[in-house]
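**Student:** One file is attached below, protein35.txt, containing compact mmCIF, N, CA and C atoms.
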# COMPACT_ATOMS: atom_id res chain seq x y z
N MET A 1 159.03 17.93 195.90
CA MET A 1 159.25 19.35 195.76
C MET A 1 160.65 19.67 195.26
N ALA A 2 161.65 18.92 195.72
CA ALA A 2 163.03 19.18 195.30
C ALA A 2 163.21 18.98 193.81
N ALA A 3 162.55 17.97 193.23
CA ALA A 3 162.66 17.73 191.79
C ALA A 3 162.05 18.89 191.01
N PHE A 4 160.97 19.45 191.52
CA PHE A 4 160.32 20.58 190.87
C PHE A 4 161.25 21.80 190.85
N VAL A 5 161.98 22.03 191.92
CA VAL A 5 162.90 23.16 192.01
C VAL A 5 164.11 22.95 191.10
N ALA A 6 164.62 21.73 191.01
CA ALA A 6 165.81 21.44 190.21
C ALA A 6 165.53 21.52 188.72
N LEU A 7 164.33 21.20 188.30
CA LEU A 7 164.00 21.18 186.88
C LEU A 7 164.21 22.53 186.20
N PRO A 8 163.74 23.65 186.74
CA PRO A 8 164.01 24.93 186.09
C PRO A 8 165.51 25.25 186.03
N ALA A 9 166.26 24.84 187.00
CA ALA A 9 167.70 25.13 186.98
C ALA A 9 168.38 24.41 185.83
N LEU A 10 167.91 23.21 185.50
CA LEU A 10 168.50 22.46 184.40
C LEU A 10 168.02 22.93 183.04
N ALA A 11 166.92 23.64 182.99
CA ALA A 11 166.35 24.07 181.72
C ALA A 11 167.32 24.95 180.94
N GLY A 12 168.17 25.72 181.61
CA GLY A 12 169.12 26.58 180.93
C GLY A 12 170.35 25.85 180.43
N CYS A 13 170.52 24.59 180.78
CA CYS A 13 171.69 23.82 180.38
C CYS A 13 171.33 22.93 179.20
N ASP A 14 171.47 23.43 178.01
CA ASP A 14 171.13 22.69 176.81
C ASP A 14 172.31 21.83 176.39
N THR A 15 172.22 20.53 176.67
CA THR A 15 173.33 19.63 176.36
C THR A 15 173.61 19.56 174.87
N THR A 16 172.63 19.89 174.01
CA THR A 16 172.89 19.87 172.58
C THR A 16 173.76 21.05 172.15
N ALA A 17 173.88 22.06 173.00
CA ALA A 17 174.76 23.19 172.70
C ALA A 17 176.22 22.81 172.91
N VAL A 18 176.46 21.67 173.55
CA VAL A 18 177.82 21.16 173.70
C VAL A 18 178.12 20.39 172.42
N ASP A 19 178.99 20.96 171.60
CA ASP A 19 179.31 20.29 170.34
C ASP A 19 180.81 20.33 170.08
N ARG A 20 181.21 19.55 169.11
CA ARG A 20 182.63 19.38 168.79
C ARG A 20 183.33 20.70 168.51
N ASP A 21 182.70 21.58 167.74
CA ASP A 21 183.34 22.86 167.41
C ASP A 21 183.60 23.69 168.66
N ARG A 22 182.63 23.74 169.57
CA ARG A 22 182.81 24.51 170.80
C ARG A 22 183.88 23.89 171.70
N VAL A 23 183.86 22.57 171.81
CA VAL A 23 184.87 21.89 172.64
C VAL A 23 186.26 22.13 172.05
N ASN A 24 186.42 21.91 170.75
CA ASN A 24 187.72 22.14 170.10
C ASN A 24 188.20 23.58 170.30
N ALA A 25 187.29 24.53 170.09
CA ALA A 25 187.65 25.95 170.20
C ALA A 25 188.03 26.35 171.62
N ALA A 26 187.52 25.64 172.62
CA ALA A 26 187.83 25.96 174.01
C ALA A 26 189.11 25.27 174.48
N VAL A 27 189.27 24.01 174.12
CA VAL A 27 190.40 23.23 174.64
C VAL A 27 191.73 23.68 174.04
N ALA A 28 191.78 23.97 172.76
CA ALA A 28 193.05 24.31 172.10
C ALA A 28 193.75 25.53 172.70
N PRO A 29 193.08 26.68 172.87
CA PRO A 29 193.79 27.83 173.44
C PRO A 29 194.14 27.64 174.92
N THR A 30 193.28 26.93 175.65
CA THR A 30 193.60 26.66 177.06
C THR A 30 194.86 25.81 177.14
N PHE A 31 194.92 24.76 176.32
CA PHE A 31 196.12 23.93 176.27
C PHE A 31 197.34 24.77 175.90
N ALA A 32 197.23 25.61 174.88
CA ALA A 32 198.37 26.42 174.43
C ALA A 32 198.90 27.31 175.55
N ASN A 33 198.00 27.98 176.26
CA ASN A 33 198.43 28.85 177.36
C ASN A 33 199.09 28.06 178.48
N LEU A 34 198.56 26.88 178.79
CA LEU A 34 199.17 26.06 179.84
C LEU A 34 200.48 25.44 179.37
N TYR A 35 200.60 25.17 178.09
CA TYR A 35 201.87 24.68 177.53
C TYR A 35 202.95 25.76 177.71
N VAL A 36 202.61 27.00 177.42
CA VAL A 36 203.54 28.10 177.61
C VAL A 36 203.99 28.17 179.07
N LEU A 37 203.03 28.05 180.00
CA LEU A 37 203.35 28.06 181.43
C LEU A 37 204.27 26.90 181.78
N GLN A 38 203.95 25.71 181.29
CA GLN A 38 204.78 24.55 181.59
C GLN A 38 206.22 24.76 181.08
N GLN A 39 206.34 25.29 179.89
CA GLN A 39 207.68 25.50 179.33
C GLN A 39 208.43 26.59 180.10
N GLN A 40 207.72 27.60 180.58
CA GLN A 40 208.37 28.62 181.42
C GLN A 40 208.89 27.99 182.70
N LEU A 41 208.12 27.09 183.29
CA LEU A 41 208.57 26.39 184.50
C LEU A 41 209.84 25.59 184.22
N ARG A 42 209.95 25.10 183.01
CA ARG A 42 211.13 24.32 182.61
C ARG A 42 212.28 25.19 182.11
N GLY A 43 212.08 26.52 182.14
CA GLY A 43 213.13 27.44 181.74
C GLY A 43 213.20 27.72 180.25
N ARG A 44 212.13 27.43 179.54
CA ARG A 44 212.08 27.65 178.09
C ARG A 44 211.08 28.75 177.77
N LYS A 45 211.38 29.50 176.73
CA LYS A 45 210.48 30.58 176.33
C LYS A 45 209.74 30.17 175.06
N VAL A 46 208.40 30.17 175.15
CA VAL A 46 207.53 29.81 174.03
C VAL A 46 206.37 30.79 174.03
N ALA A 47 205.90 31.15 172.84
CA ALA A 47 204.73 32.02 172.73
C ALA A 47 203.54 31.20 172.26
N ALA A 48 202.39 31.40 172.88
CA ALA A 48 201.19 30.63 172.54
C ALA A 48 200.83 30.77 171.06
N ALA A 49 200.99 31.96 170.51
CA ALA A 49 200.60 32.20 169.12
C ALA A 49 201.43 31.36 168.14
N THR A 50 202.69 31.12 168.45
CA THR A 50 203.54 30.35 167.53
C THR A 50 203.22 28.86 167.55
N LEU A 51 202.53 28.40 168.58
CA LEU A 51 202.21 26.98 168.68
C LEU A 51 201.15 26.54 167.68
N LYS A 52 200.22 27.45 167.36
CA LYS A 52 199.10 27.14 166.47
C LYS A 52 198.40 25.84 166.92
N ALA A 53 198.10 25.79 168.21
CA ALA A 53 197.47 24.61 168.81
C ALA A 53 196.11 24.34 168.18
N ARG A 54 195.83 23.06 168.00
CA ARG A 54 194.57 22.62 167.41
C ARG A 54 194.07 21.41 168.19
N ALA A 55 192.77 21.35 168.43
CA ALA A 55 192.16 20.21 169.12
C ALA A 55 191.27 19.45 168.16
N ASP A 56 191.30 18.14 168.29
CA ASP A 56 190.41 17.27 167.53
C ASP A 56 189.71 16.37 168.55
N CYS A 57 188.48 16.74 168.92
CA CYS A 57 187.77 16.07 170.00
C CYS A 57 186.49 15.42 169.48
N ALA A 58 186.11 14.32 170.12
CA ALA A 58 184.85 13.63 169.80
C ALA A 58 184.44 12.79 171.01
N ARG A 59 183.19 12.42 171.04
CA ARG A 59 182.68 11.52 172.08
C ARG A 59 182.84 10.10 171.58
N GLY A 60 183.53 9.28 172.35
CA GLY A 60 183.74 7.90 171.94
C GLY A 60 184.78 7.81 170.85
N THR A 61 184.86 6.63 170.24
CA THR A 61 185.84 6.42 169.18
C THR A 61 185.18 5.71 168.01
N GLY A 62 185.88 5.66 166.92
CA GLY A 62 185.40 4.94 165.76
C GLY A 62 184.53 5.78 164.85
N PRO A 63 184.02 5.16 163.79
CA PRO A 63 183.26 5.91 162.79
C PRO A 63 181.92 6.43 163.29
N ASN A 64 181.41 5.88 164.37
CA ASN A 64 180.13 6.32 164.91
C ASN A 64 180.27 7.25 166.11
N ALA A 65 181.44 7.81 166.30
CA ALA A 65 181.66 8.72 167.42
C ALA A 65 180.75 9.94 167.29
N SER A 66 180.19 10.36 168.39
CA SER A 66 179.28 11.50 168.41
C SER A 66 180.07 12.79 168.42
N THR A 67 179.46 13.86 167.95
CA THR A 67 180.10 15.17 167.95
C THR A 67 179.36 16.16 168.84
N ARG A 68 178.41 15.68 169.66
CA ARG A 68 177.69 16.59 170.54
C ARG A 68 177.25 15.92 171.82
N GLY A 69 176.96 16.78 172.79
CA GLY A 69 176.41 16.33 174.06
C GLY A 69 177.44 16.27 175.17
N ALA A 70 176.96 16.49 176.37
CA ALA A 70 177.82 16.41 177.56
C ALA A 70 178.10 14.95 177.86
N GLY A 71 179.19 14.70 178.58
CA GLY A 71 179.51 13.34 178.98
C GLY A 71 180.97 13.20 179.36
N ASP A 72 181.29 12.04 179.92
CA ASP A 72 182.67 11.79 180.33
C ASP A 72 183.40 10.90 179.33
N ASP A 73 182.88 10.82 178.11
CA ASP A 73 183.47 9.97 177.09
C ASP A 73 184.08 10.75 175.92
N TRP A 74 184.42 12.01 176.15
CA TRP A 74 185.09 12.79 175.13
C TRP A 74 186.59 12.47 175.14
N THR A 75 187.17 12.37 173.97
CA THR A 75 188.62 12.24 173.84
C THR A 75 189.11 13.34 172.91
N CYS A 76 190.29 13.85 173.21
CA CYS A 76 190.86 14.92 172.38
C CYS A 76 192.32 14.61 172.07
N THR A 77 192.67 14.86 170.84
CA THR A 77 194.08 14.87 170.45
C THR A 77 194.43 16.32 170.16
N LEU A 78 195.41 16.82 170.87
CA LEU A 78 195.89 18.17 170.68
C LEU A 78 197.13 18.10 169.80
N SER A 79 197.23 18.99 168.86
CA SER A 79 198.44 19.07 168.04
C SER A 79 198.91 20.52 168.02
N TRP A 80 200.22 20.68 167.93
CA TRP A 80 200.81 22.02 167.90
C TRP A 80 202.18 21.92 167.27
N PHE A 81 202.69 23.08 166.85
CA PHE A 81 204.02 23.16 166.28
C PHE A 81 205.00 23.46 167.39
N ASN A 82 205.86 22.50 167.66
CA ASN A 82 206.74 22.57 168.81
C ASN A 82 208.07 23.27 168.50
N ALA A 83 208.66 22.94 167.38
CA ALA A 83 210.00 23.47 167.07
C ALA A 83 210.06 24.01 165.65
N GLY A 84 209.01 24.61 165.21
CA GLY A 84 208.98 25.15 163.86
C GLY A 84 207.79 24.63 163.09
N PRO A 85 207.54 25.20 161.92
CA PRO A 85 206.33 24.85 161.16
C PRO A 85 206.32 23.42 160.61
N ALA A 86 207.45 22.74 160.62
CA ALA A 86 207.48 21.38 160.06
C ALA A 86 207.44 20.29 161.13
N VAL A 87 207.48 20.67 162.42
CA VAL A 87 207.54 19.67 163.49
C VAL A 87 206.26 19.74 164.33
N THR A 88 205.36 18.78 164.11
CA THR A 88 204.11 18.75 164.85
C THR A 88 204.24 17.79 166.03
N ALA A 89 203.76 18.23 167.19
CA ALA A 89 203.72 17.39 168.38
C ALA A 89 202.25 17.12 168.71
N THR A 90 201.99 16.03 169.42
CA THR A 90 200.61 15.71 169.80
C THR A 90 200.54 15.24 171.25
N ALA A 91 199.39 15.41 171.83
CA ALA A 91 199.09 14.92 173.18
C ALA A 91 197.64 14.49 173.22
N ASN A 92 197.33 13.56 174.10
CA ASN A 92 195.97 13.03 174.22
C ASN A 92 195.37 13.37 175.57
N TYR A 93 194.07 13.63 175.56
CA TYR A 93 193.33 13.94 176.78
C TYR A 93 191.98 13.23 176.77
N GLN A 94 191.54 12.84 177.96
CA GLN A 94 190.17 12.39 178.20
C GLN A 94 189.45 13.59 178.79
N LEU A 95 188.25 13.87 178.30
CA LEU A 95 187.49 15.02 178.78
C LEU A 95 186.17 14.59 179.40
N HIS A 96 185.85 15.25 180.49
CA HIS A 96 184.51 15.16 181.08
C HIS A 96 183.88 16.52 180.81
N VAL A 97 182.87 16.56 179.95
CA VAL A 97 182.22 17.80 179.57
C VAL A 97 180.83 17.84 180.20
N LYS A 98 180.56 18.92 180.93
CA LYS A 98 179.27 19.09 181.60
C LYS A 98 178.29 19.84 180.70
N PRO A 99 176.99 19.71 180.96
CA PRO A 99 175.99 20.40 180.14
C PRO A 99 176.13 21.92 180.16
N ASP A 100 176.78 22.48 181.18
CA ASP A 100 176.93 23.93 181.26
C ASP A 100 178.13 24.45 180.47
N GLY A 101 178.85 23.56 179.78
CA GLY A 101 179.99 23.97 178.96
C GLY A 101 181.32 23.95 179.69
N CYS A 102 181.34 23.49 180.92
CA CYS A 102 182.60 23.38 181.65
C CYS A 102 183.15 21.97 181.49
N TYR A 103 184.46 21.85 181.51
CA TYR A 103 185.09 20.56 181.28
C TYR A 103 186.32 20.38 182.14
N THR A 104 186.70 19.13 182.31
CA THR A 104 187.98 18.76 182.92
C THR A 104 188.70 17.89 181.92
N ALA A 105 189.94 18.25 181.63
CA ALA A 105 190.79 17.49 180.71
C ALA A 105 191.85 16.77 181.52
N ASP A 106 191.98 15.46 181.29
CA ASP A 106 192.93 14.62 182.02
C ASP A 106 193.91 14.04 181.01
N GLY A 107 195.20 14.36 181.19
CA GLY A 107 196.23 13.97 180.24
C GLY A 107 196.48 12.47 180.16
N ASP A 108 196.63 11.98 178.95
CA ASP A 108 196.91 10.57 178.68
C ASP A 108 198.29 10.35 178.09
N GLY A 109 199.07 11.37 177.92
CA GLY A 109 200.41 11.19 177.38
C GLY A 109 200.63 12.08 176.18
N PRO A 110 201.88 12.26 175.89
CA PRO A 110 203.05 11.54 176.38
C PRO A 110 203.40 11.90 177.82
N SER A 111 204.03 10.96 178.49
CA SER A 111 204.25 11.09 179.93
C SER A 111 205.08 12.32 180.30
N ASP A 112 206.05 12.70 179.50
CA ASP A 112 206.87 13.87 179.86
C ASP A 112 206.13 15.18 179.67
N LEU A 113 204.98 15.14 179.01
CA LEU A 113 204.20 16.36 178.80
C LEU A 113 203.03 16.44 179.77
N ASN A 114 202.17 15.41 179.79
CA ASN A 114 200.96 15.48 180.60
C ASN A 114 200.65 14.20 181.37
N GLY A 115 201.60 13.31 181.47
CA GLY A 115 201.34 12.03 182.10
C GLY A 115 201.62 11.95 183.58
N THR A 116 202.18 13.00 184.17
CA THR A 116 202.47 12.99 185.60
C THR A 116 201.97 14.28 186.25
N PRO A 117 201.56 14.21 187.52
CA PRO A 117 200.99 15.39 188.18
C PRO A 117 202.03 16.46 188.55
N THR A 118 203.30 16.09 188.58
CA THR A 118 204.34 17.07 188.91
C THR A 118 205.45 17.02 187.86
N LEU A 119 206.27 18.05 187.88
CA LEU A 119 207.45 18.09 187.01
C LEU A 119 208.57 18.82 187.75
N THR A 120 209.76 18.65 187.25
CA THR A 120 210.91 19.34 187.84
C THR A 120 211.13 20.64 187.10
N ALA A 121 211.04 21.75 187.83
CA ALA A 121 211.23 23.07 187.25
C ALA A 121 212.71 23.31 186.99
N SER A 122 213.00 24.37 186.26
CA SER A 122 214.39 24.69 185.90
C SER A 122 215.26 24.96 187.12
N ASP A 123 214.67 25.36 188.24
CA ASP A 123 215.45 25.60 189.46
C ASP A 123 215.58 24.35 190.33
N GLY A 124 215.07 23.20 189.83
CA GLY A 124 215.17 21.95 190.57
C GLY A 124 214.00 21.65 191.47
N ALA A 125 213.07 22.59 191.60
CA ALA A 125 211.90 22.38 192.46
C ALA A 125 210.89 21.46 191.79
N THR A 126 210.18 20.70 192.60
CA THR A 126 209.08 19.89 192.10
C THR A 126 207.82 20.75 192.16
N VAL A 127 207.17 20.93 191.02
CA VAL A 127 205.99 21.79 190.91
C VAL A 127 204.85 21.04 190.24
N THR A 128 203.64 21.57 190.38
CA THR A 128 202.48 20.99 189.73
C THR A 128 202.62 21.13 188.22
N ASN A 129 202.34 20.06 187.51
CA ASN A 129 202.37 20.07 186.05
C ASN A 129 201.05 20.66 185.55
N PRO A 130 201.07 21.85 184.95
CA PRO A 130 199.82 22.49 184.52
C PRO A 130 199.09 21.73 183.41
N LEU A 131 199.77 20.83 182.73
CA LEU A 131 199.13 20.08 181.64
C LEU A 131 198.64 18.70 182.05
N TRP A 132 198.89 18.29 183.29
CA TRP A 132 198.45 16.98 183.72
C TRP A 132 196.93 16.90 183.72
N ARG A 133 196.29 17.87 184.34
CA ARG A 133 194.83 17.96 184.40
C ARG A 133 194.48 19.43 184.46
N PHE A 134 193.51 19.84 183.62
CA PHE A 134 193.09 21.24 183.66
C PHE A 134 191.60 21.34 183.39
N ASP A 135 191.05 22.48 183.82
CA ASP A 135 189.63 22.76 183.70
C ASP A 135 189.43 23.98 182.80
N GLY A 136 188.27 24.06 182.21
CA GLY A 136 187.91 25.21 181.41
C GLY A 136 186.41 25.23 181.19
N CYS A 137 185.93 26.31 180.58
CA CYS A 137 184.51 26.46 180.27
C CYS A 137 184.38 27.17 178.92
N PHE A 138 183.25 26.95 178.28
CA PHE A 138 182.97 27.65 177.02
C PHE A 138 181.51 28.05 177.00
N ASP A 139 181.20 29.02 176.17
CA ASP A 139 179.85 29.56 176.07
C ASP A 139 178.95 28.58 175.32
N ILE A 140 177.80 28.27 175.89
CA ILE A 140 176.85 27.38 175.22
C ILE A 140 175.61 28.13 174.74
N SER A 141 175.63 29.45 174.85
CA SER A 141 174.44 30.22 174.43
C SER A 141 174.41 30.42 172.93
Would you encode the structure as structure tokens?
**Tutor:**
Amino acid sequence: MAAFVALPALAGCDTTAVDRDRVNAAVAPTFANLYVLQQQLRGRKVAAATLKARADCARGTGPNASTRGAGDDWTCTLSWFNAGPAVTATANYQLHVKPDGCYTADGDGPSDLNGTPTLTASDGATVTNPLWRFDGCFDIS
């Protein structure tokens, strides 16, 4: 009986609606907003719009990497303009993407950006690093 009840609940979660374009479009602005927060904690002023953050995400690696479906094998490289239009910075994340369009991004480096769970704020306090691990969701309809 429990399997019968669970089946209709899963019917609305179309894993094929999870695709590269939706993941990229969700991760980039979330990263940009959290980057702004992280820089504020460090005493720096940055605007999300000036970063022009971009995500390049796929499932797996290599020429046969998939561009759709839920799973814990998504990888993303985020790029943004850090100090002007000629200076691009990058960061890497592992993503676990669920069929409902929600995800968890876990930072892989560089270590001073997203490699540690805490950072030292401008006032000397140890605070949670907002870029170490973050969650988000996107529309799959």
**Student:** Which of these residues is nearest to Thr116 (chain A), using all atoms listed in the file: A:Asp56, A:Ala17, A:Thr90, A:Thr128?
**Tutor:** A:Thr128
**Student:** With all atoms listed in the file as the basis for distance, which of A:Asn64, A:Ala55, A:Gly136, A:Asn114 is at the shortest distance from Ala25 (chain A)?
**Tutor:**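 Smallest separation from Ala25 (chain A) among the options: A:Ala55.
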**Student:** Pick out each residue of region 14-98 of chain A that DSSP on the backbone tags as helix (DSSP H, G or I); I need them as a PyMOL selection string.
**Tutor:** chain A and resi 15-17+20-41+48-51
**Student:** Choose the residue, out of A:Leu41, A:Ala86, A:Leu131, A:Val18, that has the smallest atom-to-atom separation from Gly71 (chain A); count only C-alpha atoms.
**Tutor:**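 Nearest candidate to Gly71 (chain A) out of A:Leu41, A:Ala86, A:Leu131, A:Val18: A:Val18.
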**Student:** May I have the protein, DNA and RNA residues with any atom at most 6.5 Å from the point (213.8, 30.8, 186.0), counting all atoms listed in the file, written as a ChimeraX atom specification?
**Tutor:** /A:43,122-123
**Student:** Kindly export the residues of the current selection with N, CA and C atoms, as a PDB file, in the coordinates of the input.
**Tutor:**
ATOM      1  N   GLY A  43     212.080  26.520 182.140  1.00  0.00           N
ATOM      2  CA  GLY A  43     213.130  27.440 181.740  1.00  0.00           C
ATOM      3  C   GLY A  43     213.200  27.720 180.250  1.00  0.00           C
ATOM      4  N   SER A 122     213.000  24.370 186.260  1.00  0.00           N
ATOM      5  CA  SER A 122     214.390  24.690 185.900  1.00  0.00           C
ATOM      6  C   SER A 122     215.260  24.960 187.120  1.00  0.00           C
ATOM      7  N   ASP A 123     214.670  25.360 188.240  1.00  0.00           N
ATOM      8  CA  ASP A 123     215.450  25.600 189.460  1.00  0.00           C
ATOM      9  C   ASP A 123     215.580  24.350 190.330  1.00  0.00           C
TER      10      ASP A 123
END
**Student:** Work out how far apart CA of Asp106 (chain A) and atom C of Thr77 (chain A) are and give it in Å to one decimal.
**Tutor:**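 Rounded to one decimal, the two atoms are 12.1 Å apart.
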**Student:** What is the distance, in Å and to one decimal place, between atom N of Leu78 (chain A) and atom N of Tyr103 (chain A)?
**Tutor:**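 Separation of atom N of Leu78 (chain A) and atom N of Tyr103 (chain A): 16.1 Å.
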**Student:** Taking (181.1, 13.8, 178.9) in the file's coordinates as the center, which residues reach within 5 Å of it, counting all atoms listed in the file, put as a ChimeraX atom specification?
**Tutor:** /A:70-74,96-97
**Student:** Could you tell me how far atom N of Arg59 (chain A) lies from atom N of Cys76 (chain A), in Å and to one decimal?
**Tutor:**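 A separation of 7.6 Å between them.
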**Student:** Which residue is closest to Ile140 (chain A)? Choose from A:Ala121, A:Asn33, A:Gln38, A:Pro99 and count all atoms listed in the file.
**Tutor:**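 For Ile140 (chain A), the nearest of the given residues is A:Pro99.
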**Student:** Which of chain A counts as strand (DSSP E) under DSSP, as a PyMOL selection string please?
**Tutor:** chain A and resi 54-59+71-81+88-97+102-109+118-120+126-128+133-137
**Student:** Write the residues you've just listed into a file as a compact mmCIF listing (two decimals), in the coordinates of the input, and include N, CA and C atoms for each of them.
**Tutor:**
# COMPACT_ATOMS: atom_id res chain seq x y z
N ARG A 54 195.83 23.06 168.00
CA ARG A 54 194.57 22.62 167.41
C ARG A 54 194.07 21.41 168.19
N ALA A 55 192.77 21.35 168.43
CA ALA A 55 192.16 20.21 169.12
C ALA A 55 191.27 19.45 168.16
N ASP A 56 191.30 18.14 168.29
CA ASP A 56 190.41 17.27 167.53
C ASP A 56 189.71 16.37 168.55
N CYS A 57 188.48 16.74 168.92
CA CYS A 57 187.77 16.07 170.00
C CYS A 57 186.49 15.42 169.48
N ALA A 58 186.11 14.32 170.12
CA ALA A 58 184.85 13.63 169.80
C ALA A 58 184.44 12.79 171.01
N ARG A 59 183.19 12.42 171.04
CA ARG A 59 182.68 11.52 172.08
C ARG A 59 182.84 10.10 171.58
N GLY A 71 179.19 14.70 178.58
CA GLY A 71 179.51 13.34 178.98
C GLY A 71 180.97 13.20 179.36
N ASP A 72 181.29 12.04 179.92
CA ASP A 72 182.67 11.79 180.33
C ASP A 72 183.40 10.90 179.33
N ASP A 73 182.88 10.82 178.11
CA ASP A 73 183.47 9.97 177.09
C ASP A 73 184.08 10.75 175.92
N TRP A 74 184.42 12.01 176.15
CA TRP A 74 185.09 12.79 175.13
C TRP A 74 186.59 12.47 175.14
N THR A 75 187.17 12.37 173.97
CA THR A 75 188.62 12.24 173.84
C THR A 75 189.11 13.34 172.91
N CYS A 76 190.29 13.85 173.21
CA CYS A 76 190.86 14.92 172.38
C CYS A 76 192.32 14.61 172.07
N THR A 77 192.67 14.86 170.84
CA THR A 77 194.08 14.87 170.45
C THR A 77 194.43 16.32 170.16
N LEU A 78 195.41 16.82 170.87
CA LEU A 78 195.89 18.17 170.68
C LEU A 78 197.13 18.10 169.80
N SER A 79 197.23 18.99 168.86
CA SER A 79 198.44 19.07 168.04
C SER A 79 198.91 20.52 168.02
N TRP A 80 200.22 20.68 167.93
CA TRP A 80 200.81 22.02 167.90
C TRP A 80 202.18 21.92 167.27
N PHE A 81 202.69 23.08 166.85
CA PHE A 81 204.02 23.16 166.28
C PHE A 81 205.00 23.46 167.39
N THR A 88 205.36 18.78 164.11
CA THR A 88 204.11 18.75 164.85
C THR A 88 204.24 17.79 166.03
N ALA A 89 203.76 18.23 167.19
CA ALA A 89 203.72 17.39 168.38
C ALA A 89 202.25 17.12 168.71
N THR A 90 201.99 16.03 169.42
CA THR A 90 200.61 15.71 169.80
C THR A 90 200.54 15.24 171.25
N ALA A 91 199.39 15.41 171.83
CA ALA A 91 199.09 14.92 173.18
C ALA A 91 197.64 14.49 173.22
N ASN A 92 197.33 13.56 174.10
CA ASN A 92 195.97 13.03 174.22
C ASN A 92 195.37 13.37 175.57
N TYR A 93 194.07 13.63 175.56
CA TYR A 93 193.33 13.94 176.78
C TYR A 93 191.98 13.23 176.77
N GLN A 94 191.54 12.84 177.96
CA GLN A 94 190.17 12.39 178.20
C GLN A 94 189.45 13.59 178.79
N LEU A 95 188.25 13.87 178.30
CA LEU A 95 187.49 15.02 178.78
C LEU A 95 186.17 14.59 179.40
N HIS A 96 185.85 15.25 180.49
CA HIS A 96 184.51 15.16 181.08
C HIS A 96 183.88 16.52 180.81
N VAL A 97 182.87 16.56 179.95
CA VAL A 97 182.22 17.80 179.57
C VAL A 97 180.83 17.84 180.20
N CYS A 102 181.34 23.49 180.92
CA CYS A 102 182.60 23.38 181.65
C CYS A 102 183.15 21.97 181.49
N TYR A 103 184.46 21.85 181.51
CA TYR A 103 185.09 20.56 181.28
C TYR A 103 186.32 20.38 182.14
N THR A 104 186.70 19.13 182.31
CA THR A 104 187.98 18.76 182.92
C THR A 104 188.70 17.89 181.92
N ALA A 105 189.94 18.25 181.63
CA ALA A 105 190.79 17.49 180.71
C ALA A 105 191.85 16.77 181.52
N ASP A 106 191.98 15.46 181.29
CA ASP A 106 192.93 14.62 182.02
C ASP A 106 193.91 14.04 181.01
N GLY A 107 195.20 14.36 181.19
CA GLY A 107 196.23 13.97 180.24
C GLY A 107 196.48 12.47 180.16
N ASP A 108 196.63 11.98 178.95
CA ASP A 108 196.91 10.57 178.68
C ASP A 108 198.29 10.35 178.09
N GLY A 109 199.07 11.37 177.92
CA GLY A 109 200.41 11.19 177.38
C GLY A 109 200.63 12.08 176.18
N THR A 118 203.30 16.09 188.58
CA THR A 118 204.34 17.07 188.91
C THR A 118 205.45 17.02 187.86
N LEU A 119 206.27 18.05 187.88
CA LEU A 119 207.45 18.09 187.01
C LEU A 119 208.57 18.82 187.75
N THR A 120 209.76 18.65 187.25
CA THR A 120 210.91 19.34 187.84
C THR A 120 211.13 20.64 187.10
N THR A 126 210.18 20.70 192.60
CA THR A 126 209.08 19.89 192.10
C THR A 126 207.82 20.75 192.16
N VAL A 127 207.17 20.93 191.02
CA VAL A 127 205.99 21.79 190.91
C VAL A 127 204.85 21.04 190.24
N THR A 128 203.64 21.57 190.38
CA THR A 128 202.48 20.99 189.73
C THR A 128 202.62 21.13 188.22
N ARG A 133 196.29 17.87 184.34
CA ARG A 133 194.83 17.96 184.40
C ARG A 133 194.48 19.43 184.46
N PHE A 134 193.51 19.84 183.62
CA PHE A 134 193.09 21.24 183.66
C PHE A 134 191.60 21.34 183.39
N ASP A 135 191.05 22.48 183.82
CA ASP A 135 189.63 22.76 183.70
C ASP A 135 189.43 23.98 182.80
N GLY A 136 188.27 24.06 182.21
CA GLY A 136 187.91 25.21 181.41
C GLY A 136 186.41 25.23 181.19
N CYS A 137 185.93 26.31 180.58
CA CYS A 137 184.51 26.46 180.27
C CYS A 137 184.38 27.17 178.92
**Student:** Closest to Ala28 (chain A) among A:Thr16, A:Lys52, A:Val46, A:Asp112, using all atoms listed in the file?
**Tutor:**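 Of all the options, A:Lys52 lies closest to Ala28 (chain A).
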**Student:** Taking only N, CA and C atoms into account, which of A:Cys137, A:Ser66, A:Val127, A:Leu51 comes nearest Thr104 (chain A)?
**Tutor:**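 Using only N, CA and C atoms, Thr104 (chain A) sits closest to A:Cys137.
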**Student:** Mind checking which residues fall within 8 Å of Ala32 (chain A), counting only N, CA and C atoms, ignoring those fewer than 2 positions away in the same chain, and posting them as an MDAnalysis selection string?
**Tutor:** chainID A and resid 27:30 34:38 47:49 51:54
**Student:** Please reconstruct the missing atoms of region 15-19 of chain A (target: N, CA, C and O atoms) and return them as a CSV table (one decimal), in the coordinates of the input.
**Tutor:**
chain,number,residue,atom,x,y,z
A,15,THR,N,172.2,20.5,176.7
A,15,THR,CA,173.3,19.6,176.4
A,15,THR,C,173.6,19.6,174.9
A,15,THR,O,174.7,19.2,174.5
A,16,THR,N,172.6,19.9,174.0
A,16,THR,CA,172.9,19.9,172.6
A,16,THR,C,173.8,21.0,172.2
A,16,THR,O,174.3,21.0,171.1
A,17,ALA,N,173.9,22.1,173.0
A,17,ALA,CA,174.8,23.2,172.7
A,17,ALA,C,176.2,22.8,172.9
A,17,ALA,O,177.1,23.5,172.5
A,18,VAL,N,176.5,21.7,173.6
A,18,VAL,CA,177.8,21.2,173.7
A,18,VAL,C,178.1,20.4,172.4
A,18,VAL,O,177.5,19.3,172.2
A,19,ASP,N,179.0,21.0,171.6
A,19,ASP,CA,179.3,20.3,170.3
A,19,ASP,C,180.8,20.3,170.1
A,19,ASP,O,181.6,21.0,170.8
